[in-house]
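**Student:** My structure is stored as target.cif, with mmCIF, C-alpha atoms.
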data_upload
#
loop_
_atom_site.label_atom_id
_atom_site.label_comp_id
_atom_site.auth_asym_id
_atom_site.auth_seq_id
_atom_site.Cartn_x
_atom_site.Cartn_y
_atom_site.Cartn_z
CA MET O 1468 -68.67 29.64 -30.43
CA THR O 1469 -66.81 27.58 -27.83
CA GLN O 1470 -63.91 29.00 -25.85
CA ARG O 1471 -61.61 26.34 -27.37
CA ARG O 1472 -62.56 27.35 -30.93
CA GLN O 1473 -62.03 31.03 -30.12
CA TRP O 1474 -58.57 30.17 -28.76
CA LEU O 1475 -57.65 28.23 -31.89
CA GLN O 1476 -58.72 31.10 -34.16
CA ALA O 1477 -56.76 33.54 -32.05
CA ALA O 1478 -53.72 31.29 -32.15
CA SER O 1479 -54.00 31.04 -35.93
CA ALA O 1480 -54.15 34.82 -36.25
CA LEU O 1481 -51.20 35.18 -33.90
CA GLY O 1482 -49.28 32.68 -36.00
CA ALA O 1483 -49.82 34.73 -39.15
CA THR O 1484 -48.70 37.90 -37.39
CA ALA O 1485 -45.62 36.25 -35.94
CA LEU O 1486 -44.58 34.92 -39.32
CA LEU O 1487 -44.93 38.24 -41.20
CA PRO O 1488 -41.17 39.01 -41.26
CA GLY O 1489 -40.64 36.02 -43.52
CA PHE O 1490 -43.85 36.31 -45.51
CA ALA O 1491 -43.97 40.04 -46.26
CA LYS O 1492 -45.77 40.89 -49.48
CA ALA O 1493 -43.87 42.05 -52.52
CA GLN O 1494 -43.97 45.75 -53.47
CA SER O 1495 -46.63 44.92 -56.04
CA GLY O 1496 -48.86 43.74 -53.21
CA ALA O 1497 -48.72 40.09 -54.27
CA LYS O 1498 -48.22 37.48 -51.61
CA LYS O 1499 -44.58 36.52 -51.28
CA PHE O 1500 -44.79 33.04 -52.80
CA GLN O 1501 -47.69 33.59 -55.18
CA GLY O 1502 -47.40 31.10 -58.03
CA VAL O 1503 -44.95 28.77 -56.22
CA THR O 1504 -45.88 25.10 -55.92
CA LEU O 1505 -44.17 23.27 -53.06
CA ASN O 1506 -43.79 19.50 -53.07
CA VAL O 1507 -43.72 18.23 -49.50
CA SER O 1508 -43.32 14.57 -48.56
CA THR O 1509 -43.32 12.79 -45.19
CA PHE O 1510 -44.47 9.38 -44.08
CA SER O 1511 -48.00 9.07 -42.75
CA ALA O 1512 -48.14 9.94 -39.04
CA ALA O 1513 -50.17 11.97 -36.58
CA TYR O 1514 -48.40 15.33 -37.01
CA PRO O 1515 -48.32 15.32 -40.84
CA LYS O 1516 -52.03 14.45 -40.81
CA LEU O 1517 -52.70 17.56 -38.71
CA LEU O 1518 -50.52 19.70 -41.02
CA GLN O 1519 -52.63 18.57 -43.95
CA GLN O 1520 -55.69 19.94 -42.18
CA TYR O 1521 -53.94 23.25 -41.49
CA LEU O 1522 -52.56 23.72 -45.05
CA PRO O 1523 -55.18 26.30 -46.13
CA GLU O 1524 -53.76 28.65 -43.50
CA PHE O 1525 -50.25 28.46 -44.99
CA GLU O 1526 -51.47 28.75 -48.56
CA SER O 1527 -53.64 31.76 -47.70
CA LEU O 1528 -50.79 33.45 -45.86
CA THR O 1529 -48.11 32.92 -48.52
CA GLY O 1530 -49.90 32.43 -51.83
CA ALA O 1531 -48.02 29.17 -52.35
CA ARG O 1532 -49.70 25.92 -53.34
CA VAL O 1533 -48.65 22.75 -51.52
CA ASN O 1534 -48.66 19.18 -52.81
CA PHE O 1535 -48.45 17.13 -49.61
CA ASP O 1536 -47.55 13.44 -50.02
CA THR O 1537 -47.77 11.00 -47.07
CA PRO O 1538 -47.08 7.38 -48.10
CA SER O 1539 -46.38 4.61 -45.60
CA PHE O 1540 -43.10 4.64 -43.65
CA PRO O 1541 -41.20 2.06 -45.77
CA VAL O 1542 -42.52 3.44 -49.07
CA TYR O 1543 -41.62 7.01 -48.09
CA ASN O 1544 -38.09 6.09 -47.05
CA GLN O 1545 -37.45 4.14 -50.25
CA ARG O 1546 -38.68 6.96 -52.46
CA ALA O 1547 -36.96 9.72 -50.55
CA ASP O 1548 -33.63 7.92 -50.34
CA LEU O 1549 -33.62 7.32 -54.09
CA GLU O 1550 -34.65 10.87 -54.97
CA LEU O 1551 -32.24 12.53 -52.55
CA SER O 1552 -29.36 10.39 -53.83
CA THR O 1553 -29.83 11.95 -57.27
CA LYS O 1554 -29.96 15.48 -55.79
CA GLY O 1555 -33.08 15.93 -57.86
CA SER O 1556 -35.72 18.64 -57.50
CA ALA O 1557 -38.82 16.48 -57.05
CA TYR O 1558 -39.15 17.44 -53.37
CA ASP O 1559 -38.90 20.83 -51.66
CA VAL O 1560 -39.49 19.62 -48.10
CA VAL O 1561 -38.85 16.10 -46.82
CA ASN O 1562 -39.02 14.25 -43.56
CA VAL O 1563 -35.50 13.64 -42.24
CA THR O 1564 -36.07 10.07 -41.10
CA PHE O 1565 -34.12 9.13 -37.98
CA ILE O 1566 -32.45 6.02 -39.36
CA TYR O 1567 -31.47 7.87 -42.54
CA SER O 1568 -30.45 11.19 -40.97
CA SER O 1569 -26.70 10.54 -40.96
CA ARG O 1570 -26.73 9.14 -44.51
CA TRP O 1571 -28.74 12.04 -45.92
CA ILE O 1572 -26.93 14.79 -43.99
CA HIS O 1573 -23.38 13.59 -44.44
CA SER O 1574 -23.90 12.75 -48.12
CA GLY O 1575 -24.68 16.41 -48.74
CA TRP O 1576 -28.25 15.69 -49.81
CA LEU O 1577 -29.88 18.20 -47.43
CA ALA O 1578 -29.42 21.97 -47.19
CA PRO O 1579 -28.20 23.50 -43.90
CA LEU O 1580 -30.86 25.60 -42.21
CA ASP O 1581 -28.73 27.87 -40.00
CA ASP O 1582 -28.67 30.82 -42.41
CA PHE O 1583 -32.45 30.75 -42.69
CA ILE O 1584 -32.84 30.66 -38.91
CA ARG O 1585 -30.37 33.48 -38.26
CA ASN O 1586 -31.80 35.83 -40.89
CA PRO O 1587 -34.29 38.20 -39.15
CA ASN O 1588 -35.85 39.00 -42.52
CA LEU O 1589 -36.81 35.35 -42.88
CA THR O 1590 -37.33 34.12 -39.31
CA PRO O 1591 -38.70 36.07 -36.33
CA ALA O 1592 -36.65 35.91 -33.13
CA ASP O 1593 -39.50 34.39 -31.15
CA TRP O 1594 -39.63 31.38 -33.48
CA ASP O 1595 -36.91 30.15 -31.06
CA VAL O 1596 -34.97 27.19 -32.41
CA ASN O 1597 -33.60 26.57 -28.90
CA ASP O 1598 -37.11 25.67 -27.74
CA PHE O 1599 -36.70 22.34 -29.55
CA LEU O 1600 -35.27 19.68 -27.21
CA PRO O 1601 -31.44 19.47 -27.48
CA GLY O 1602 -31.77 15.69 -27.71
CA ALA O 1603 -34.12 16.14 -30.67
CA ARG O 1604 -31.86 18.60 -32.48
CA ALA O 1605 -28.75 16.43 -32.09
CA PRO O 1606 -29.66 13.77 -34.71
CA GLU O 1607 -30.61 16.57 -37.13
CA THR O 1608 -27.16 18.16 -36.76
CA GLY O 1609 -24.20 17.36 -39.01
CA LYS O 1610 -20.58 16.85 -38.06
CA ASP O 1611 -20.10 20.47 -39.20
CA GLY O 1612 -22.35 21.61 -36.34
CA LYS O 1613 -25.05 22.84 -38.72
CA LEU O 1614 -28.73 21.98 -38.39
CA TYR O 1615 -30.30 20.11 -41.31
CA GLY O 1616 -33.75 19.29 -39.95
CA ILE O 1617 -36.26 20.79 -37.54
CA PRO O 1618 -37.78 18.07 -35.34
CA TRP O 1619 -41.52 17.51 -35.22
CA THR O 1620 -41.36 14.51 -32.91
CA ALA O 1621 -39.11 13.28 -30.13
CA GLU O 1622 -40.30 9.81 -29.30
CA ALA O 1623 -39.29 7.28 -26.66
CA LEU O 1624 -40.02 3.57 -26.67
CA LEU O 1625 -41.98 2.75 -23.51
CA SER O 1626 -43.62 -0.30 -22.02
CA ALA O 1627 -47.40 -0.61 -21.67
CA SER O 1628 -49.99 -2.96 -20.23
CA SER O 1629 -53.59 -2.56 -21.41
CA ARG O 1630 -54.98 -5.03 -18.85
CA PHE O 1631 -52.89 -4.38 -15.79
CA ASP O 1632 -55.86 -5.52 -13.70
CA LEU O 1633 -55.01 -9.09 -14.76
CA VAL O 1634 -51.47 -8.60 -13.44
CA GLN O 1635 -52.82 -7.28 -10.15
CA GLN O 1636 -55.22 -10.20 -9.87
CA ALA O 1637 -52.21 -12.50 -10.20
CA GLY O 1638 -50.61 -10.69 -7.25
CA LEU O 1639 -47.75 -9.31 -9.33
CA ALA O 1640 -46.23 -5.85 -9.85
CA TYR O 1641 -45.48 -4.07 -13.12
CA PRO O 1642 -42.46 -5.84 -14.70
CA ASP O 1643 -39.24 -3.85 -14.36
CA THR O 1644 -36.77 -6.43 -15.70
CA THR O 1645 -36.68 -8.91 -18.55
CA ASP O 1646 -37.07 -11.75 -16.01
CA ASP O 1647 -40.04 -9.98 -14.43
CA LEU O 1648 -41.70 -9.61 -17.83
CA VAL O 1649 -41.58 -13.34 -18.56
CA LYS O 1650 -42.92 -14.13 -15.08
CA VAL O 1651 -45.84 -11.76 -15.57
CA LEU O 1652 -46.62 -12.96 -19.09
CA ARG O 1653 -46.72 -16.58 -17.95
CA ALA O 1654 -49.22 -15.58 -15.28
CA VAL O 1655 -51.60 -13.56 -17.47
CA ASN O 1656 -51.24 -14.88 -21.03
CA LYS O 1657 -54.64 -15.81 -22.53
CA LYS O 1658 -56.48 -14.87 -19.34
CA GLU O 1659 -59.90 -13.61 -20.42
CA ARG O 1660 -58.73 -14.42 -23.97
CA VAL O 1661 -56.14 -11.61 -23.87
CA ALA O 1662 -52.81 -12.46 -25.55
CA GLY O 1663 -49.77 -11.57 -23.49
CA PHE O 1664 -47.45 -9.58 -25.77
CA VAL O 1665 -47.07 -8.07 -29.22
CA SER O 1666 -44.89 -5.40 -30.80
CA ASP O 1667 -44.44 -3.45 -34.00
CA SER O 1668 -42.75 -5.75 -36.53
CA HIS O 1669 -40.11 -3.10 -37.22
CA TYR O 1670 -37.67 -5.06 -35.04
CA GLY O 1671 -34.75 -2.83 -35.94
CA TRP O 1672 -36.58 -0.43 -33.57
CA THR O 1673 -38.44 -2.59 -31.05
CA PHE O 1674 -35.89 -5.37 -30.51
CA VAL O 1675 -32.71 -3.33 -30.07
CA PRO O 1676 -33.45 -2.18 -26.47
CA TYR O 1677 -33.46 -5.88 -25.56
CA LEU O 1678 -30.26 -6.47 -27.52
CA HIS O 1679 -28.60 -3.75 -25.45
CA ALA O 1680 -30.20 -5.00 -22.23
CA PHE O 1681 -28.55 -8.39 -22.73
CA GLY O 1682 -25.15 -6.76 -23.31
CA GLY O 1683 -25.14 -6.93 -27.11
CA ASP O 1684 -24.96 -4.18 -29.71
CA VAL O 1685 -25.52 -3.54 -33.39
CA PHE O 1686 -21.98 -2.36 -34.17
CA ARG O 1687 -18.67 -2.77 -32.38
CA LYS O 1688 -18.62 0.91 -31.40
CA ALA O 1689 -20.81 3.30 -33.38
CA PRO O 1690 -20.21 5.69 -35.00
CA ASP O 1691 -16.45 5.07 -35.27
CA ASP O 1692 -16.25 1.29 -35.63
CA LEU O 1693 -19.15 -0.03 -37.69
CA TYR O 1694 -18.25 -3.69 -37.77
CA PRO O 1695 -21.55 -5.52 -37.10
CA THR O 1696 -21.85 -7.57 -33.90
CA LEU O 1697 -25.11 -9.39 -34.51
CA ASP O 1698 -23.87 -12.94 -33.89
CA THR O 1699 -22.30 -12.54 -30.45
CA PRO O 1700 -23.52 -14.79 -27.59
CA GLU O 1701 -25.25 -11.77 -26.04
CA ALA O 1702 -27.05 -10.93 -29.27
CA ILE O 1703 -28.16 -14.52 -29.79
CA ALA O 1704 -29.50 -14.72 -26.23
CA ALA O 1705 -31.38 -11.44 -26.67
CA ALA O 1706 -32.90 -12.53 -29.98
CA GLU O 1707 -34.06 -15.87 -28.58
CA TYR O 1708 -35.59 -14.10 -25.58
CA TYR O 1709 -37.39 -11.49 -27.67
CA ALA O 1710 -38.63 -13.90 -30.32
CA SER O 1711 -39.96 -16.18 -27.57
CA LEU O 1712 -42.14 -13.32 -26.29
CA LEU O 1713 -43.82 -13.16 -29.70
CA ARG O 1714 -43.88 -16.92 -30.23
CA GLU O 1715 -45.19 -17.95 -26.79
CA PHE O 1716 -47.33 -14.99 -25.78
CA GLY O 1717 -48.28 -13.26 -29.03
CA PRO O 1718 -51.63 -13.26 -30.83
CA ASP O 1719 -52.12 -14.98 -34.18
CA GLY O 1720 -50.04 -13.21 -36.82
CA ALA O 1721 -47.91 -11.47 -34.18
CA ILE O 1722 -44.90 -11.07 -36.45
CA THR O 1723 -46.83 -8.94 -38.95
CA TYR O 1724 -48.27 -6.28 -36.62
CA THR O 1725 -47.89 -2.64 -37.65
CA PRO O 1726 -47.80 0.19 -35.07
CA ASP O 1727 -51.45 1.03 -35.74
CA GLN O 1728 -52.48 -2.60 -35.30
CA VAL O 1729 -50.62 -2.77 -31.99
CA THR O 1730 -52.40 0.36 -30.79
CA GLN O 1731 -55.79 -0.98 -31.82
CA ALA O 1732 -55.16 -4.35 -30.16
CA LEU O 1733 -54.33 -2.62 -26.88
CA LYS O 1734 -57.30 -0.26 -27.13
CA LEU O 1735 -59.63 -3.24 -27.53
CA GLY O 1736 -57.90 -5.30 -24.83
CA ARG O 1737 -56.98 -8.10 -27.20
CA VAL O 1738 -53.31 -7.93 -26.22
CA ASN O 1739 -51.91 -6.96 -22.83
CA PHE O 1740 -48.24 -5.91 -23.08
CA THR O 1741 -46.20 -4.09 -25.70
CA ASP O 1742 -43.26 -1.73 -26.18
CA ALA O 1743 -44.22 1.29 -28.27
CA GLY O 1744 -43.52 4.98 -28.70
CA GLN O 1745 -45.50 7.40 -26.55
CA LEU O 1746 -46.97 8.85 -29.73
CA HIS O 1747 -48.95 5.62 -30.10
CA LEU O 1748 -49.43 4.92 -26.40
CA ALA O 1749 -51.02 8.33 -25.86
CA GLN O 1750 -53.86 7.19 -28.11
CA LEU O 1751 -54.81 4.57 -25.52
CA GLY O 1752 -56.06 7.42 -23.35
CA ASP O 1753 -58.81 8.36 -25.80
CA PRO O 1754 -62.07 7.75 -23.91
CA ALA O 1755 -64.02 7.58 -27.16
CA SER O 1756 -62.10 4.62 -28.59
CA SER O 1757 -60.16 2.91 -25.80
CA LYS O 1758 -61.94 0.12 -23.94
CA THR O 1759 -58.93 -0.32 -21.64
CA LEU O 1760 -58.60 3.25 -20.39
CA LYS O 1761 -59.27 2.28 -16.77
CA THR O 1762 -56.88 -0.69 -16.75
CA LEU O 1763 -53.82 0.88 -18.41
CA GLN O 1764 -50.37 0.98 -16.88
CA PHE O 1765 -47.14 2.31 -18.40
CA GLY O 1766 -43.46 1.96 -17.55
CA GLN O 1767 -39.92 2.07 -18.89
CA VAL O 1768 -38.70 -0.65 -21.23
CA PRO O 1769 -37.45 -3.51 -19.05
CA LYS O 1770 -33.84 -3.65 -17.96
CA GLY O 1771 -31.76 -6.75 -18.49
CA PRO O 1772 -28.41 -8.07 -17.23
CA ALA O 1773 -26.58 -5.09 -18.79
CA GLY O 1774 -29.07 -2.38 -17.75
CA ARG O 1775 -31.91 -0.36 -19.26
CA PHE O 1776 -31.59 1.10 -22.77
CA PRO O 1777 -34.75 2.80 -24.04
CA GLY O 1778 -35.06 3.46 -27.74
CA THR O 1779 -35.54 7.04 -28.87
CA ALA O 1780 -36.42 8.41 -32.29
CA VAL O 1781 -36.49 11.85 -33.84
CA HIS O 1782 -38.00 12.93 -37.14
CA GLY O 1783 -37.70 16.41 -38.64
CA LEU O 1784 -38.45 18.48 -41.71
CA GLY O 1785 -35.58 19.40 -44.02
CA ILE O 1786 -34.87 20.86 -47.46
CA PRO O 1787 -33.23 18.77 -50.21
CA THR O 1788 -30.22 20.41 -51.85
CA GLY O 1789 -31.95 19.93 -55.22
CA SER O 1790 -35.01 22.00 -54.30
CA LYS O 1791 -35.51 25.01 -56.54
CA ASN O 1792 -37.78 26.69 -53.97
CA LYS O 1793 -35.63 26.79 -50.86
CA ASP O 1794 -36.94 30.11 -49.50
CA ALA O 1795 -40.53 28.92 -49.84
CA ALA O 1796 -39.56 25.54 -48.41
CA TRP O 1797 -38.11 27.24 -45.35
CA ALA O 1798 -41.27 29.33 -45.04
CA PHE O 1799 -43.26 26.09 -44.95
CA ILE O 1800 -41.01 24.53 -42.28
CA GLN O 1801 -41.04 27.74 -40.27
CA TRP O 1802 -44.85 27.79 -40.35
CA ALA O 1803 -45.28 24.03 -39.84
CA LEU O 1804 -43.11 24.04 -36.72
CA SER O 1805 -43.83 27.49 -35.36
CA LYS O 1806 -44.94 27.71 -31.73
CA GLN O 1807 -48.40 28.62 -32.95
CA THR O 1808 -48.77 25.57 -35.20
CA THR O 1809 -47.23 23.05 -32.80
CA ARG O 1810 -49.37 24.45 -30.00
CA LYS O 1811 -52.50 24.04 -32.10
CA ALA O 1812 -51.50 20.43 -32.80
CA VAL O 1813 -50.99 19.73 -29.10
CA LEU O 1814 -54.43 21.17 -28.32
CA ALA O 1815 -55.82 18.87 -31.02
CA GLY O 1816 -54.34 15.88 -29.19
CA TYR O 1817 -50.87 15.47 -30.72
CA GLY O 1818 -48.86 13.29 -28.33
CA SER O 1819 -45.17 13.62 -29.21
CA PRO O 1820 -44.07 17.26 -29.57
CA ALA O 1821 -40.41 18.26 -29.82
CA ARG O 1822 -40.76 21.80 -28.40
CA ARG O 1823 -40.10 22.06 -24.68
CA SER O 1824 -42.76 24.77 -24.36
CA ASP O 1825 -45.35 22.30 -25.70
CA ILE O 1826 -44.14 19.47 -23.48
CA ASP O 1827 -44.30 21.72 -20.41
CA SER O 1828 -47.70 23.18 -21.27
CA ARG O 1829 -50.51 22.56 -18.81
CA GLU O 1830 -52.77 21.14 -21.51
CA PHE O 1831 -50.22 18.63 -22.80
CA ARG O 1832 -49.10 17.43 -19.38
CA ALA O 1833 -52.68 17.04 -18.19
CA ARG O 1834 -53.59 14.95 -21.23
CA GLN O 1835 -50.49 12.81 -20.83
CA VAL O 1836 -51.57 11.67 -17.39
CA ILE O 1837 -53.50 8.54 -18.33
CA ASN O 1838 -55.07 6.44 -15.59
CA GLY O 1839 -52.59 7.95 -13.14
CA ASN O 1840 -49.54 7.38 -15.38
CA ASP O 1841 -47.47 10.41 -16.42
CA LEU O 1842 -46.63 9.38 -19.97
CA ALA O 1843 -44.82 12.65 -20.75
CA GLN O 1844 -42.48 12.25 -17.79
CA LEU O 1845 -41.73 8.64 -18.67
CA ALA O 1846 -40.79 9.75 -22.19
CA LEU O 1847 -38.61 12.63 -20.96
CA ASP O 1848 -36.83 10.31 -18.52
CA SER O 1849 -36.18 7.83 -21.32
CA ILE O 1850 -34.85 10.51 -23.67
CA GLU O 1851 -32.59 11.84 -20.91
CA LEU O 1852 -31.29 8.34 -20.13
CA ALA O 1853 -30.60 7.69 -23.82
CA SER O 1854 -28.69 10.97 -24.13
CA LYS O 1855 -26.49 10.01 -21.15
CA THR O 1856 -25.66 6.48 -22.26
CA GLY O 1857 -25.22 7.28 -25.95
CA HIS O 1858 -26.52 3.85 -26.93
CA MET O 1859 -28.70 5.31 -29.71
CA LYS O 1860 -25.66 6.25 -31.79
CA TYR O 1861 -26.14 3.00 -33.69
CA ARG O 1862 -29.35 4.27 -35.24
CA THR O 1863 -28.11 7.42 -36.92
CA VAL O 1864 -25.06 6.06 -38.73
CA SER O 1865 -25.39 6.17 -42.50
CA VAL O 1866 -25.47 2.39 -43.00
CA TYR O 1867 -27.90 1.45 -40.23
CA PRO O 1868 -30.85 1.08 -42.63
CA GLN O 1869 -29.12 -1.92 -44.22
CA VAL O 1870 -28.62 -3.59 -40.83
CA ASP O 1871 -32.12 -2.61 -39.76
CA GLN O 1872 -33.55 -4.76 -42.55
CA GLN O 1873 -31.46 -7.75 -41.47
CA LEU O 1874 -32.72 -7.47 -37.89
CA ASN O 1875 -36.31 -7.36 -39.15
CA LYS O 1876 -35.77 -10.58 -41.07
CA ALA O 1877 -33.89 -12.33 -38.28
CA ILE O 1878 -36.48 -11.83 -35.53
CA ALA O 1879 -39.30 -12.85 -37.88
CA LEU O 1880 -37.43 -16.05 -38.79
CA ILE O 1881 -36.83 -16.94 -35.15
CA ALA O 1882 -40.33 -16.10 -33.93
CA SER O 1883 -41.92 -18.11 -36.75
CA GLY O 1884 -39.71 -21.13 -36.05
CA GLN O 1885 -38.01 -21.04 -39.45
CA ALA O 1886 -34.53 -20.66 -37.94
CA SER O 1887 -32.82 -20.83 -34.59
CA ALA O 1888 -31.56 -17.61 -33.04
CA ARG O 1889 -27.99 -18.63 -33.83
CA GLN O 1890 -28.76 -19.44 -37.46
CA ALA O 1891 -30.80 -16.29 -38.04
CA LEU O 1892 -28.24 -13.97 -36.49
CA GLN O 1893 -25.28 -15.59 -38.21
CA GLN O 1894 -27.14 -15.02 -41.47
CA ALA O 1895 -27.95 -11.42 -40.47
CA GLN O 1896 -24.30 -10.84 -39.57
CA ALA O 1897 -23.00 -12.18 -42.88
CA GLN O 1898 -25.55 -10.27 -44.95
CA SER O 1899 -24.93 -7.05 -43.00
CA ILE O 1900 -21.20 -7.28 -43.68
CA THR O 1901 -21.93 -7.81 -47.38
CA GLU O 1902 -24.31 -4.84 -47.49
CA LEU O 1903 -21.89 -2.56 -45.63
CA GLN O 1904 -19.00 -3.49 -47.91
CA ARG O 1905 -21.25 -2.86 -50.88
CA ALA O 1906 -21.89 0.60 -49.43
CA GLY O 1907 -18.14 1.25 -49.49
CA LEU O 1908 -17.19 0.57 -45.87
CA LYS O 1909 -13.86 -1.06 -45.19
CA LEU O 1910 -14.46 -3.54 -42.37
#
Using the file provided, produce a representation of the structure as structure tokens.
**Tutor:**
Amino acid sequence: MTQRRQWLQAASALGATALLPGFAKAQSGAKKFQGVTLNVSTFSAAYPKLLQQYLPEFESLTGARVNFDTPSFPVYNQRADLELSTKGSAYDVVNVTFIYSSRWIHSGWLAPLDDFIRNPNLTPADWDVNDFLPGARAPETGKDGKLYGIPWTAEALLSASSRFDLVQQAGLAYPDTTDDLVKVLRAVNKKERVAGFVSDSHYGWTFVPYLHAFGGDVFRKAPDDLYPTLDTPEAIAAAEYYASLLREFGPDGAITYTPDQVTQALKLGRVNFTDAGQLHLAQLGDPASSKTLKTLQFGQVPKGPAGRFPGTAVHGLGIPTGSKNKDAAWAFIQWALSKQTTRKAVLAGYGSPARRSDIDSREFRARQVINGNDLAQLALDSIELASKTGHMKYRTVSVYPQVDQQLNKAIALIASGQASARQALQQAQAQSITELQRAGLKL
């Protein structure tokens, strides 16, 4: 038996011991949640995939049975938003999606978790909620100061080059500004048949750092003044700039790329530059699947005339108010995000933990140094910068999902040549106002 396997088994045993205060057997000797079926739903991602592998541990420890559903990101959000809005009991544990967190929390669709956390009969002291990054807990916290989700990821949007050797051959440095990026892309695009740039087609996530960098914004002043500002001169300039990156330097079908396709394209060296979360960029360091491991370079998202504004995202696990199994649901969350489980995930290669103890662990930090780049430190610096500037407030207001969809459409229209930046953003502005008024906002 390898030393690593022995450690994992020991960690699993330690996890069971640490969780005993909440999972104590009934007087009859039956396991605490024997006969309970929990319905858990998140979108498909690296951490939920690991939890699915670990489920037998939880079921053995508690006696509960878990139905674990992991549809795609858009399908999950659509289903969860509809179900939560009815306060139904279909789900016991859900992912608190970043762009929906304010809507779901402030609509009263999620149960506060503070009483579970503070109860020593349910949660051991060393579970340590304060170990989760403050910046990750903030979006999961309501205006009442209560916590409604426990974060499983704290992600920052970073810049990456899979073939930085081509940049070096051109005598150029890693691009730090929006002007630098265009200069570099013009020098390396299609060299050795490598396209210059691509990004995840969720532009409500990948484009907004450029919108901010050009001095634009999504709303007039989130979260207090939610009048959209998508058709300002700054926004139009940012959209034309960003769409031109995809149009001039992107591979065929650039406007349809998913996060996984972006990752694969960089691993294979088919595309050079992107902006992506470190959760995906960490996968480029896999020696078994990455052909560009020795030519990688990472950096912050580029700064523009108004400065640098990295995107950050947090997802957590929460309990719907309609759940009829809240104690068992909390037991699942407590187990899923215990130090023992998150540590096991990190050792298995998980690249975007939300616990500071995991981020600071020797194993995680060593793995995050990829071809001399400290990916973990870049992400922490981005999260810290975002917390100081407050520019991410746009993304957690209750109506952002409606505007998010309009940004997705607008950038695709511009990049494909179906509309000018002005036309596309004027349309996005008008439709956003209509959607927000439909949602009950007085603008």
**Student:** Just the number, please: distance in Å from atom CA of O:Lys1658 to atom CA of O:Ala1704, one decimal.
**Tutor:** 27.8 Å
**Student:** Between O:Tyr1514, O:Phe1500, O:Phe1740, O:Trp1576, which residue has the minimum interatomic distance to O:Ser1628, considering all atoms listed in the file?
**Tutor:** O:Phe1740
**Student:** So which residues touch O:Lys1860 within 10 Å, counting all atoms listed in the file, skipping near sequence neighbours fewer than 6 positions away, as an mmCIF file with C-alpha atoms, in the frame of the given file?
**Tutor:**
data_model
loop_
_atom_site.group_PDB
_atom_site.id
_atom_site.type_symbol
_atom_site.label_atom_id
_atom_site.label_comp_id
_atom_site.auth_asym_id
_atom_site.auth_seq_id
_atom_site.Cartn_x
_atom_site.Cartn_y
_atom_site.Cartn_z
ATOM 1 C CA PRO O 1606 -29.660 13.770 -34.710
ATOM 2 C CA VAL O 1685 -25.520 -3.540 -33.390
ATOM 3 C CA PHE O 1686 -21.980 -2.360 -34.170
ATOM 4 C CA LYS O 1688 -18.620 0.910 -31.400
ATOM 5 C CA ALA O 1689 -20.810 3.300 -33.380
ATOM 6 C CA PRO O 1690 -20.210 5.690 -35.000
ATOM 7 C CA ASP O 1691 -16.450 5.070 -35.270
ATOM 8 C CA ALA O 1853 -30.600 7.690 -23.820
ATOM 9 C CA SER O 1854 -28.690 10.970 -24.130
ATOM 10 C CA TYR O 1867 -27.900 1.450 -40.230
#
**Student:** Under the PyMOL selection byres ((chain O and resi 1788) around 7), which residues of this model are included? Write them out as a PyMOL selection string.
**Tutor:** chain O and resi 1554+1576-1578+1786-1787+1789-1790
**Student:** Keeping C-alpha atoms for every residue in the selection just given, could you write it to a file as an mmCIF file, keeping the file's coordinate frame?
**Tutor:**
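Okay, again09.cif is ready:
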data_model
loop_
_atom_site.group_PDB
_atom_site.id
_atom_site.type_symbol
_atom_site.label_atom_id
_atom_site.label_comp_id
_atom_site.auth_asym_id
_atom_site.auth_seq_id
_atom_site.Cartn_x
_atom_site.Cartn_y
_atom_site.Cartn_z
ATOM 1 C CA LYS O 1554 -29.960 15.480 -55.790
ATOM 2 C CA TRP O 1576 -28.250 15.690 -49.810
ATOM 3 C CA LEU O 1577 -29.880 18.200 -47.430
ATOM 4 C CA ALA O 1578 -29.420 21.970 -47.190
ATOM 5 C CA ILE O 1786 -34.870 20.860 -47.460
ATOM 6 C CA PRO O 1787 -33.230 18.770 -50.210
ATOM 7 C CA GLY O 1789 -31.950 19.930 -55.220
ATOM 8 C CA SER O 1790 -35.010 22.000 -54.300
#
**Student:** If you apply the PyMOL selection byres ((chain O and resi 1530) around 6) to this file, what residues do you get, as JSON, numbers by chain?
**Tutor:** {"O": [1498, 1500, 1501, 1526, 1527, 1529, 1531]}
**Student:** Write out as JSON, numbers by chain the residues lying within 12 Å of O:Asp1753, counting all atoms listed in the file and excluding same-chain residues fewer than 3 positions away.
**Tutor:** {"O": [1730, 1731, 1733, 1734, 1735, 1747, 1748, 1749, 1750, 1756, 1757, 1758, 1759, 1760, 1761, 1763, 1816, 1817, 1818, 1834, 1835, 1836, 1837, 1838]}
**Student:** How far is it from atom CA of O:Thr1808 to atom CA of O:Ala1621, in Å with one decimal?
**Tutor:**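 Separation between atom CA of O:Thr1808 and atom CA of O:Ala1621: 16.4 Å.
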